[in-house]
>>> print(open('coords_39.cif').read())   # mmCIF, N, CA, C and O atoms
data_model
#
loop_
_atom_site.label_atom_id
_atom_site.label_comp_id
_atom_site.auth_asym_id
_atom_site.auth_seq_id
_atom_site.Cartn_x
_atom_site.Cartn_y
_atom_site.Cartn_z
N MET A 7 98.71 31.96 134.51
CA MET A 7 99.88 32.21 133.71
C MET A 7 99.51 32.68 132.30
O MET A 7 100.20 33.47 131.71
N SER A 8 98.41 32.19 131.77
CA SER A 8 98.01 32.62 130.42
C SER A 8 97.65 34.09 130.39
O SER A 8 97.81 34.75 129.38
N ASP A 9 97.15 34.65 131.52
CA ASP A 9 96.85 36.08 131.56
C ASP A 9 98.12 36.91 131.43
O ASP A 9 98.12 37.95 130.80
N LEU A 10 99.20 36.45 132.03
CA LEU A 10 100.46 37.16 131.92
C LEU A 10 100.99 37.11 130.49
O LEU A 10 101.57 38.07 130.01
N GLN A 11 100.77 36.01 129.84
CA GLN A 11 101.25 35.86 128.49
C GLN A 11 100.57 36.85 127.54
O GLN A 11 101.20 37.38 126.65
N LEU A 12 99.29 37.14 127.78
CA LEU A 12 98.58 38.07 126.92
C LEU A 12 99.16 39.47 126.99
O LEU A 12 99.08 40.23 126.04
N ASP A 13 99.74 39.84 128.12
CA ASP A 13 100.31 41.17 128.26
C ASP A 13 101.55 41.35 127.39
O ASP A 13 101.90 42.46 127.04
N PHE A 14 102.23 40.26 127.05
CA PHE A 14 103.43 40.36 126.24
C PHE A 14 103.13 40.50 124.76
O PHE A 14 103.93 41.03 124.01
N PHE A 15 101.99 40.00 124.31
CA PHE A 15 101.65 40.00 122.90
C PHE A 15 100.37 40.80 122.69
O PHE A 15 99.36 40.53 123.31
N ASP A 16 100.44 41.76 121.79
CA ASP A 16 99.27 42.56 121.49
C ASP A 16 98.25 41.73 120.72
O ASP A 16 98.61 40.93 119.86
N VAL A 17 96.98 41.91 121.03
CA VAL A 17 95.91 41.19 120.34
C VAL A 17 95.73 41.84 118.97
O VAL A 17 95.48 43.05 118.88
N PRO A 18 95.87 41.09 117.88
CA PRO A 18 95.75 41.68 116.55
C PRO A 18 94.31 42.08 116.22
O PRO A 18 93.36 41.49 116.72
N SER A 19 94.19 43.06 115.38
CA SER A 19 92.87 43.53 114.95
C SER A 19 92.17 42.44 114.14
O SER A 19 92.79 41.77 113.32
N PRO A 20 90.85 42.27 114.33
CA PRO A 20 90.10 41.29 113.55
C PRO A 20 89.73 41.78 112.15
O PRO A 20 89.06 41.08 111.41
N CYS A 21 90.19 42.96 111.78
CA CYS A 21 89.84 43.54 110.48
C CYS A 21 90.30 42.63 109.35
O CYS A 21 91.42 42.12 109.35
N VAL A 22 89.41 42.43 108.37
CA VAL A 22 89.74 41.62 107.19
C VAL A 22 89.69 42.47 105.91
O VAL A 22 89.71 41.93 104.81
N GLY A 23 89.59 43.78 106.07
CA GLY A 23 89.63 44.66 104.91
C GLY A 23 88.30 44.84 104.20
O GLY A 23 88.25 45.38 103.11
N ILE A 24 87.21 44.37 104.79
CA ILE A 24 85.87 44.57 104.22
C ILE A 24 85.16 45.53 105.17
O ILE A 24 84.53 45.11 106.12
N CYS A 25 85.32 46.81 104.93
CA CYS A 25 84.86 47.81 105.89
C CYS A 25 83.58 48.50 105.41
O CYS A 25 83.61 49.64 104.95
N GLN A 26 82.50 47.76 105.49
CA GLN A 26 81.17 48.31 105.19
C GLN A 26 80.25 47.89 106.32
O GLN A 26 80.39 46.80 106.86
N SER A 27 79.32 48.76 106.65
CA SER A 27 78.41 48.47 107.76
C SER A 27 77.12 47.84 107.27
O SER A 27 76.62 48.18 106.19
N ASP A 28 76.57 46.94 108.11
CA ASP A 28 75.27 46.36 107.80
C ASP A 28 74.18 47.26 108.35
O ASP A 28 74.45 48.37 108.83
N GLU A 29 72.93 46.80 108.28
CA GLU A 29 71.80 47.62 108.72
C GLU A 29 71.82 47.94 110.21
O GLU A 29 71.24 48.93 110.64
N LYS A 30 72.53 47.15 111.00
CA LYS A 30 72.63 47.41 112.44
C LYS A 30 73.88 48.21 112.81
O LYS A 30 74.09 48.53 113.97
N GLY A 31 74.71 48.52 111.84
CA GLY A 31 75.92 49.31 112.09
C GLY A 31 77.15 48.48 112.37
O GLY A 31 78.20 49.01 112.70
N TYR A 32 77.05 47.15 112.23
CA TYR A 32 78.21 46.28 112.43
C TYR A 32 78.97 46.16 111.12
O TYR A 32 78.39 46.11 110.04
N CYS A 33 80.29 46.10 111.23
CA CYS A 33 81.14 45.92 110.05
C CYS A 33 80.86 44.56 109.43
O CYS A 33 80.79 43.55 110.14
N LEU A 34 80.70 44.51 108.11
CA LEU A 34 80.43 43.24 107.42
C LEU A 34 81.63 42.29 107.49
O LEU A 34 81.47 41.09 107.41
N GLY A 35 82.82 42.83 107.64
CA GLY A 35 84.01 41.99 107.67
C GLY A 35 84.30 41.41 109.04
O GLY A 35 84.54 40.22 109.17
N CYS A 36 84.29 42.24 110.08
CA CYS A 36 84.72 41.78 111.41
C CYS A 36 83.61 41.84 112.45
O CYS A 36 83.80 41.36 113.57
N MET A 37 82.49 42.46 112.14
CA MET A 37 81.33 42.57 113.02
C MET A 37 81.55 43.49 114.22
O MET A 37 80.85 43.41 115.21
N ARG A 38 82.55 44.39 114.14
CA ARG A 38 82.73 45.37 115.21
C ARG A 38 81.82 46.57 114.96
O ARG A 38 81.47 46.87 113.82
N THR A 39 81.46 47.26 116.03
CA THR A 39 80.72 48.50 115.90
C THR A 39 81.69 49.59 115.45
O THR A 39 82.91 49.42 115.50
N ARG A 40 81.16 50.70 115.03
CA ARG A 40 82.00 51.83 114.63
C ARG A 40 82.90 52.26 115.79
O ARG A 40 84.08 52.50 115.62
N GLU A 41 82.31 52.35 116.99
CA GLU A 41 83.09 52.76 118.17
C GLU A 41 84.21 51.76 118.47
O GLU A 41 85.33 52.16 118.80
N GLU A 42 83.91 50.47 118.34
CA GLU A 42 84.93 49.45 118.59
C GLU A 42 86.07 49.55 117.57
O GLU A 42 87.24 49.36 117.92
N ARG A 43 85.74 49.85 116.32
CA ARG A 43 86.79 49.99 115.30
C ARG A 43 87.65 51.22 115.57
O ARG A 43 88.87 51.17 115.47
N GLN A 44 87.01 52.33 115.92
CA GLN A 44 87.75 53.57 116.13
C GLN A 44 88.58 53.54 117.41
O GLN A 44 89.64 54.15 117.47
N SER A 45 88.13 52.83 118.42
CA SER A 45 88.81 52.81 119.71
C SER A 45 89.79 51.66 119.85
O SER A 45 90.44 51.53 120.89
N TRP A 46 89.90 50.81 118.84
CA TRP A 46 90.71 49.59 118.95
C TRP A 46 92.13 49.87 119.45
O TRP A 46 92.64 49.19 120.33
N ILE A 47 92.78 50.89 118.91
CA ILE A 47 94.18 51.14 119.29
C ILE A 47 94.31 51.61 120.73
O ILE A 47 95.39 51.51 121.30
N ASN A 48 93.23 52.09 121.31
CA ASN A 48 93.27 52.55 122.71
C ASN A 48 92.88 51.47 123.71
O ASN A 48 93.05 51.66 124.91
N PHE A 49 92.34 50.35 123.23
CA PHE A 49 91.93 49.27 124.12
C PHE A 49 93.14 48.51 124.63
O PHE A 49 94.13 48.33 123.91
N ASN A 50 93.05 48.03 125.88
CA ASN A 50 94.08 47.11 126.37
C ASN A 50 93.73 45.71 125.86
O ASN A 50 92.67 45.50 125.26
N ASN A 51 94.62 44.75 126.09
CA ASN A 51 94.41 43.41 125.54
C ASN A 51 93.14 42.74 126.06
O ASN A 51 92.47 42.02 125.32
N ASP A 52 92.80 42.99 127.31
CA ASP A 52 91.58 42.41 127.86
C ASP A 52 90.35 42.95 127.14
O ASP A 52 89.44 42.20 126.78
N GLU A 53 90.32 44.25 126.91
CA GLU A 53 89.20 44.86 126.20
C GLU A 53 89.12 44.35 124.75
O GLU A 53 88.03 44.10 124.23
N LYS A 54 90.28 44.16 124.12
CA LYS A 54 90.30 43.65 122.75
C LYS A 54 89.75 42.23 122.69
O LYS A 54 88.99 41.89 121.78
N GLN A 55 90.11 41.41 123.67
CA GLN A 55 89.59 40.03 123.72
C GLN A 55 88.07 40.04 123.87
O GLN A 55 87.37 39.25 123.25
N LYS A 56 87.55 40.95 124.70
CA LYS A 56 86.11 41.05 124.89
C LYS A 56 85.40 41.46 123.61
O LYS A 56 84.33 40.95 123.28
N VAL A 57 86.01 42.39 122.87
CA VAL A 57 85.43 42.82 121.59
C VAL A 57 85.38 41.65 120.62
O VAL A 57 84.37 41.41 119.95
N ILE A 58 86.45 40.87 120.56
CA ILE A 58 86.50 39.72 119.66
C ILE A 58 85.42 38.70 120.03
O ILE A 58 84.73 38.16 119.16
N LYS A 59 85.23 38.47 121.31
CA LYS A 59 84.18 37.54 121.75
C LYS A 59 82.79 38.05 121.37
O LYS A 59 81.94 37.29 120.92
N ARG A 60 82.58 39.36 121.53
CA ARG A 60 81.28 39.93 121.14
C ARG A 60 81.07 39.79 119.64
O ARG A 60 79.96 39.50 119.18
N CYS A 61 82.14 39.98 118.86
CA CYS A 61 82.03 39.84 117.40
C CYS A 61 81.66 38.40 117.02
O CYS A 61 80.83 38.18 116.14
N GLN A 62 82.27 37.44 117.69
CA GLN A 62 81.94 36.04 117.43
C GLN A 62 80.48 35.76 117.76
O GLN A 62 79.80 35.04 117.03
N GLN A 63 79.99 36.34 118.85
CA GLN A 63 78.58 36.16 119.22
C GLN A 63 77.66 36.81 118.19
O GLN A 63 76.61 36.27 117.84
N ARG A 64 78.06 37.97 117.68
CA ARG A 64 77.25 38.65 116.67
C ARG A 64 77.16 37.83 115.39
O ARG A 64 76.10 37.75 114.77
N ILE A 65 78.28 37.22 115.01
CA ILE A 65 78.28 36.39 113.81
C ILE A 65 77.33 35.21 114.00
O ILE A 65 76.54 34.88 113.11
N LYS A 66 77.40 34.58 115.16
CA LYS A 66 76.51 33.43 115.43
C LYS A 66 75.05 33.85 115.41
O LYS A 66 74.20 33.14 114.88
N ARG A 67 74.76 35.00 116.00
CA ARG A 67 73.37 35.48 116.02
C ARG A 67 72.89 35.81 114.62
O ARG A 67 71.74 35.55 114.26
N LYS A 68 73.74 36.41 113.83
CA LYS A 68 73.33 36.85 112.50
C LYS A 68 73.10 35.67 111.55
O LYS A 68 72.10 35.61 110.87
N ASN A 69 74.04 34.75 111.51
CA ASN A 69 73.97 33.67 110.53
C ASN A 69 73.93 32.29 111.14
O ASN A 69 73.59 31.35 110.44
N GLY A 70 74.39 32.17 112.34
CA GLY A 70 74.54 30.85 112.91
C GLY A 70 75.82 30.19 112.45
O GLY A 70 76.14 29.08 112.82
N LYS A 71 76.57 30.87 111.61
CA LYS A 71 77.86 30.38 111.11
C LYS A 71 78.67 31.59 110.67
O LYS A 71 78.13 32.68 110.51
N PRO A 72 79.96 31.43 110.45
CA PRO A 72 80.79 32.56 110.01
C PRO A 72 80.30 33.14 108.69
O PRO A 72 79.73 32.43 107.85
N ILE A 73 80.52 34.41 108.52
CA ILE A 73 80.12 35.10 107.30
C ILE A 73 80.96 34.60 106.14
O ILE A 73 82.19 34.53 106.24
N LYS A 74 80.31 34.25 105.05
CA LYS A 74 81.03 33.80 103.86
C LYS A 74 80.82 34.84 102.77
O LYS A 74 79.70 35.20 102.45
N VAL A 75 81.91 35.30 102.23
CA VAL A 75 81.87 36.29 101.17
C VAL A 75 82.56 35.69 99.96
O VAL A 75 83.61 35.07 100.08
N LYS A 76 81.97 35.87 98.79
CA LYS A 76 82.57 35.35 97.56
C LYS A 76 83.89 36.06 97.29
O LYS A 76 84.03 37.24 97.59
N GLN A 77 84.83 35.34 96.71
CA GLN A 77 86.16 35.90 96.45
C GLN A 77 86.08 37.14 95.56
O GLN A 77 86.81 38.10 95.76
N GLU A 78 85.15 37.15 94.58
CA GLU A 78 85.01 38.31 93.70
C GLU A 78 84.60 39.54 94.51
O GLU A 78 85.05 40.64 94.24
N GLU A 79 83.71 39.35 95.49
CA GLU A 79 83.26 40.47 96.32
C GLU A 79 84.40 41.00 97.17
O GLU A 79 84.53 42.20 97.37
N VAL A 80 85.23 40.09 97.68
CA VAL A 80 86.37 40.51 98.50
C VAL A 80 87.31 41.36 97.68
O VAL A 80 87.79 42.39 98.13
N GLU A 81 87.58 40.95 96.43
CA GLU A 81 88.49 41.70 95.57
C GLU A 81 87.95 43.09 95.26
O GLU A 81 88.69 44.03 95.15
N GLN A 82 86.61 43.21 95.13
CA GLN A 82 86.01 44.50 94.83
C GLN A 82 86.04 45.42 96.03
O GLN A 82 86.24 46.62 95.91
N ILE A 83 85.86 44.87 97.23
CA ILE A 83 85.72 45.67 98.44
C ILE A 83 87.06 45.88 99.14
O ILE A 83 87.27 46.88 99.80
N LYS A 84 87.97 44.95 98.98
CA LYS A 84 89.21 44.92 99.74
C LYS A 84 90.00 46.22 99.60
O LYS A 84 90.20 46.73 98.50
N GLN A 85 90.45 46.73 100.72
CA GLN A 85 91.24 47.94 100.72
C GLN A 85 92.68 47.60 100.37
O GLN A 85 93.17 46.53 100.70
N PRO A 86 93.37 48.51 99.71
CA PRO A 86 94.76 48.23 99.38
C PRO A 86 95.60 48.16 100.65
O PRO A 86 95.35 48.86 101.62
N SER A 87 96.60 47.30 100.62
CA SER A 87 97.49 47.14 101.75
C SER A 87 98.75 47.97 101.52
O SER A 87 99.15 48.23 100.39
N LEU A 88 99.38 48.38 102.60
CA LEU A 88 100.65 49.09 102.49
C LEU A 88 101.75 48.17 101.95
O LEU A 88 102.79 48.62 101.51
N PHE A 89 101.50 46.86 102.01
CA PHE A 89 102.48 45.90 101.55
C PHE A 89 102.30 45.53 100.09
O PHE A 89 103.11 44.81 99.52
N ASP A 90 101.21 45.99 99.46
CA ASP A 90 100.99 45.72 98.05
C ASP A 90 102.04 46.46 97.22
O ASP A 90 102.41 47.59 97.55
N PRO A 91 102.53 45.85 96.14
CA PRO A 91 103.50 46.55 95.30
C PRO A 91 102.84 47.76 94.63
O PRO A 91 101.66 47.72 94.27
N VAL A 92 103.58 48.80 94.50
CA VAL A 92 103.08 50.03 93.89
C VAL A 92 103.14 49.89 92.38
O VAL A 92 104.16 49.47 91.83
N GLU A 93 102.02 50.21 91.73
CA GLU A 93 102.01 50.15 90.27
C GLU A 93 102.64 51.42 89.72
O GLU A 93 102.26 52.53 90.10
N LYS A 94 103.59 51.24 88.84
CA LYS A 94 104.24 52.39 88.23
C LYS A 94 103.36 52.90 87.09
O LYS A 94 102.77 52.11 86.35
N PRO A 95 103.27 54.22 86.95
CA PRO A 95 102.45 54.74 85.85
C PRO A 95 103.06 54.37 84.51
O PRO A 95 104.27 54.29 84.35
N LYS A 96 102.18 54.11 83.56
CA LYS A 96 102.62 53.73 82.23
C LYS A 96 102.90 54.98 81.41
O LYS A 96 102.12 55.92 81.40
N VAL A 97 104.02 55.00 80.72
CA VAL A 97 104.41 56.13 79.88
C VAL A 97 103.87 55.89 78.48
O VAL A 97 104.08 54.84 77.89
N LEU A 98 103.15 56.89 78.00
CA LEU A 98 102.62 56.80 76.64
C LEU A 98 103.65 57.35 75.66
O LEU A 98 104.20 58.42 75.86
N HIS A 99 103.94 56.59 74.65
CA HIS A 99 104.83 57.04 73.59
C HIS A 99 103.97 57.37 72.38
O HIS A 99 103.77 56.57 71.49
N ASP A 100 103.45 58.59 72.42
CA ASP A 100 102.53 59.02 71.36
C ASP A 100 103.25 60.00 70.45
O ASP A 100 103.64 61.10 70.87
N ASP A 101 103.43 59.62 69.22
CA ASP A 101 104.13 60.47 68.26
C ASP A 101 103.29 61.67 67.82
O ASP A 101 103.80 62.60 67.20
N SER A 102 101.99 61.66 68.15
CA SER A 102 101.14 62.75 67.70
C SER A 102 101.29 64.01 68.56
O SER A 102 100.78 65.05 68.21
N LEU A 103 102.01 63.89 69.68
CA LEU A 103 102.23 65.07 70.52
C LEU A 103 103.36 65.90 69.92
O LEU A 103 104.43 65.40 69.59
N ASP A 104 103.12 67.21 69.81
CA ASP A 104 104.12 68.09 69.23
C ASP A 104 104.54 69.12 70.27
O ASP A 104 103.73 69.93 70.72
N PHE A 105 105.79 69.07 70.66
CA PHE A 105 106.31 70.03 71.63
C PHE A 105 107.30 70.99 70.99
O PHE A 105 108.15 71.56 71.65
N GLY A 106 107.17 71.21 69.71
CA GLY A 106 108.09 72.07 68.99
C GLY A 106 108.12 73.50 69.47
O GLY A 106 109.16 74.15 69.46
N ASP A 107 106.98 74.04 69.94
CA ASP A 107 106.92 75.42 70.37
C ASP A 107 107.08 75.55 71.89
O ASP A 107 106.91 76.64 72.43
N PHE A 108 107.43 74.49 72.54
CA PHE A 108 107.53 74.49 74.00
C PHE A 108 108.81 75.18 74.46
O PHE A 108 109.89 74.90 73.96
N GLU A 109 108.67 76.10 75.41
CA GLU A 109 109.83 76.79 75.95
C GLU A 109 109.81 76.69 77.47
O GLU A 109 108.76 76.68 78.08
N LEU A 110 110.99 76.69 78.07
CA LEU A 110 111.10 76.71 79.54
C LEU A 110 111.27 78.09 80.04
O LEU A 110 111.86 78.93 79.53
#
>>> encode(input="coords_39.cif", output="structure tokens")
Amino acid sequence: MSDLQLDFFDVPSPCVGICQSDEKGYCLGCMRTREERQSWINFNNDEKQKVIKRCQQRIKRKNGKPIKVKQEEVEQIKQPSLFDPVEKPKVLHDDSLDFGDFEL
């Protein structure tokens, strides 16, 4: 019955927004290969589960424990989210600008 349940819910991407490769070509954030990252949207749920299990094994082999990244490093590397508020450009009120000769 649990196999049927997986078909109803898509397996979420393990991406954590730290998209840099290590010396072996694994992503530092999620430990997927380049091919696994690029093909993720085409994988079925079973294939996605297998990728996640391989990533967990890679983490154990590499460190013996989950990868720990300092919060400052995450802020430097983290990609912007579509849900982040958009920063409005700041308008400069500079009196030294002269548009007296400007014509349309």
>>> atom_distance(input="coords_39.cif", atom1="atom C of Gln26 of chain A", atom2="atom O of Arg67 of chain A")
17.0 Å
>>> closest_residue(input="coords_39.cif", among="A:Ile58, A:Cys21, A:Val97, A:Val92", to="Gly35 of chain A", atoms="all atoms listed in the file")
A:Cys21
>>> atom_distance(input="coords_39.cif", atom1="atom CA of Gly31 of chain A", atom2="atom CA of Arg43 of chain A")
11.4 Å
>>> closest_residue(input="coords_39.cif", among="A:Leu88, A:Leu34, A:Trp46, A:Glu93", to="Ser19 of chain A", atoms="only N, CA, C and O atoms")
A:Trp46
>>> residues_around(input="coords_39.cif", residues="Cys61 of chain A", least_positions_apart="5", cutoff="7 Å", atoms="only C-alpha atoms", output="compact mmCIF listing (two decimals) with N, CA, C and O atoms, in the coordinates of the input")
# COMPACT_ATOMS: atom_id res chain seq x y z
N CYS A 36 84.29 42.24 110.08
CA CYS A 36 84.72 41.78 111.41
C CYS A 36 83.61 41.84 112.45
O CYS A 36 83.80 41.36 113.57
N MET A 37 82.49 42.46 112.14
CA MET A 37 81.33 42.57 113.02
C MET A 37 81.55 43.49 114.22
O MET A 37 80.85 43.41 115.21
N ARG A 38 82.55 44.39 114.14
CA ARG A 38 82.73 45.37 115.21
C ARG A 38 81.82 46.57 114.96
O ARG A 38 81.47 46.87 113.82
>>> atom_distance(input="coords_39.cif", atom1="atom N of Tyr32 of chain A", atom2="atom C of Asp16 of chain A")
23.5 Å
>>> build_atoms(input="coords_39.cif", residues="segment 17-28 of chain A", atoms="all heavy atoms", output="PDB file, in the frame of the given file")
ATOM      1  N   VAL A  17      96.980  41.910 121.030  1.00  0.00           N
ATOM      2  CA  VAL A  17      95.910  41.190 120.340  1.00  0.00           C
ATOM      3  C   VAL A  17      95.730  41.840 118.970  1.00  0.00           C
ATOM      4  O   VAL A  17      95.480  43.050 118.880  1.00  0.00           O
ATOM      5  CB  VAL A  17      94.586  41.255 121.149  1.00  0.00           C
ATOM      6  CG1 VAL A  17      93.468  40.593 120.383  1.00  0.00           C
ATOM      7  CG2 VAL A  17      94.771  40.629 122.517  1.00  0.00           C
ATOM      8  N   PRO A  18      95.870  41.090 117.880  1.00  0.00           N
ATOM      9  CA  PRO A  18      95.750  41.680 116.550  1.00  0.00           C
ATOM     10  C   PRO A  18      94.310  42.080 116.220  1.00  0.00           C
ATOM     11  O   PRO A  18      93.360  41.490 116.720  1.00  0.00           O
ATOM     12  CB  PRO A  18      96.228  40.567 115.609  1.00  0.00           C
ATOM     13  CG  PRO A  18      96.026  39.310 116.377  1.00  0.00           C
ATOM     14  CD  PRO A  18      96.159  39.659 117.825  1.00  0.00           C
ATOM     15  N   SER A  19      94.190  43.060 115.380  1.00  0.00           N
ATOM     16  CA  SER A  19      92.870  43.530 114.950  1.00  0.00           C
ATOM     17  C   SER A  19      92.170  42.440 114.140  1.00  0.00           C
ATOM     18  O   SER A  19      92.790  41.770 113.320  1.00  0.00           O
ATOM     19  CB  SER A  19      93.029  44.779 114.086  1.00  0.00           C
ATOM     20  OG  SER A  19      91.819  45.098 113.462  1.00  0.00           O
ATOM     21  N   PRO A  20      90.850  42.270 114.330  1.00  0.00           N
ATOM     22  CA  PRO A  20      90.100  41.290 113.550  1.00  0.00           C
ATOM     23  C   PRO A  20      89.730  41.780 112.150  1.00  0.00           C
ATOM     24  O   PRO A  20      89.060  41.080 111.410  1.00  0.00           O
ATOM     25  CB  PRO A  20      88.859  41.047 114.405  1.00  0.00           C
ATOM     26  CG  PRO A  20      88.657  42.328 115.130  1.00  0.00           C
ATOM     27  CD  PRO A  20      90.039  42.872 115.388  1.00  0.00           C
ATOM     28  N   CYS A  21      90.190  42.960 111.780  1.00  0.00           N
ATOM     29  CA  CYS A  21      89.840  43.540 110.480  1.00  0.00           C
ATOM     30  C   CYS A  21      90.300  42.630 109.350  1.00  0.00           C
ATOM     31  O   CYS A  21      91.420  42.120 109.350  1.00  0.00           O
ATOM     32  CB  CYS A  21      90.496  44.909 110.326  1.00  0.00           C
ATOM     33  SG  CYS A  21      90.126  45.693 108.751  1.00  0.00           S
ATOM     34  N   VAL A  22      89.410  42.430 108.370  1.00  0.00           N
ATOM     35  CA  VAL A  22      89.740  41.620 107.190  1.00  0.00           C
ATOM     36  C   VAL A  22      89.690  42.470 105.910  1.00  0.00           C
ATOM     37  O   VAL A  22      89.710  41.930 104.810  1.00  0.00           O
ATOM     38  CB  VAL A  22      88.813  40.388 107.073  1.00  0.00           C
ATOM     39  CG1 VAL A  22      89.048  39.432 108.210  1.00  0.00           C
ATOM     40  CG2 VAL A  22      87.352  40.807 106.995  1.00  0.00           C
ATOM     41  N   GLY A  23      89.590  43.780 106.070  1.00  0.00           N
ATOM     42  CA  GLY A  23      89.630  44.660 104.910  1.00  0.00           C
ATOM     43  C   GLY A  23      88.300  44.840 104.200  1.00  0.00           C
ATOM     44  O   GLY A  23      88.250  45.380 103.110  1.00  0.00           O
ATOM     45  N   ILE A  24      87.210  44.370 104.790  1.00  0.00           N
ATOM     46  CA  ILE A  24      85.870  44.570 104.220  1.00  0.00           C
ATOM     47  C   ILE A  24      85.160  45.530 105.170  1.00  0.00           C
ATOM     48  O   ILE A  24      84.530  45.110 106.120  1.00  0.00           O
ATOM     49  CB  ILE A  24      85.098  43.245 104.109  1.00  0.00           C
ATOM     50  CG1 ILE A  24      85.881  42.255 103.260  1.00  0.00           C
ATOM     51  CG2 ILE A  24      83.708  43.480 103.515  1.00  0.00           C
ATOM     52  CD1 ILE A  24      85.295  40.872 103.237  1.00  0.00           C
ATOM     53  N   CYS A  25      85.320  46.810 104.930  1.00  0.00           N
ATOM     54  CA  CYS A  25      84.860  47.810 105.890  1.00  0.00           C
ATOM     55  C   CYS A  25      83.580  48.500 105.410  1.00  0.00           C
ATOM     56  O   CYS A  25      83.610  49.640 104.950  1.00  0.00           O
ATOM     57  CB  CYS A  25      85.974  48.815 106.161  1.00  0.00           C
ATOM     58  SG  CYS A  25      87.466  48.041 106.788  1.00  0.00           S
ATOM     59  N   GLN A  26      82.500  47.760 105.490  1.00  0.00           N
ATOM     60  CA  GLN A  26      81.170  48.310 105.190  1.00  0.00           C
ATOM     61  C   GLN A  26      80.250  47.890 106.320  1.00  0.00           C
ATOM     62  O   GLN A  26      80.390  46.800 106.860  1.00  0.00           O
ATOM     63  CB  GLN A  26      80.658  47.762 103.866  1.00  0.00           C
ATOM     64  CG  GLN A  26      81.430  48.234 102.676  1.00  0.00           C
ATOM     65  CD  GLN A  26      80.845  47.695 101.378  1.00  0.00           C
ATOM     66  OE1 GLN A  26      80.081  46.735 101.370  1.00  0.00           O
ATOM     67  NE2 GLN A  26      81.210  48.313 100.267  1.00  0.00           N
ATOM     68  N   SER A  27      79.320  48.760 106.650  1.00  0.00           N
ATOM     69  CA  SER A  27      78.410  48.470 107.760  1.00  0.00           C
ATOM     70  C   SER A  27      77.120  47.840 107.270  1.00  0.00           C
ATOM     71  O   SER A  27      76.620  48.180 106.190  1.00  0.00           O
ATOM     72  CB  SER A  27      78.083  49.755 108.512  1.00  0.00           C
ATOM     73  OG  SER A  27      79.249  50.283 109.091  1.00  0.00           O
ATOM     74  N   ASP A  28      76.570  46.940 108.110  1.00  0.00           N
ATOM     75  CA  ASP A  28      75.270  46.360 107.800  1.00  0.00           C
ATOM     76  C   ASP A  28      74.180  47.260 108.350  1.00  0.00           C
ATOM     77  O   ASP A  28      74.450  48.370 108.830  1.00  0.00           O
ATOM     78  CB  ASP A  28      75.168  44.921 108.344  1.00  0.00           C
ATOM     79  CG  ASP A  28      75.167  44.852 109.868  1.00  0.00           C
ATOM     80  OD1 ASP A  28      75.128  45.910 110.554  1.00  0.00           O
ATOM     81  OD2 ASP A  28      75.204  43.726 110.397  1.00  0.00           O
TER      82      ASP A  28
END
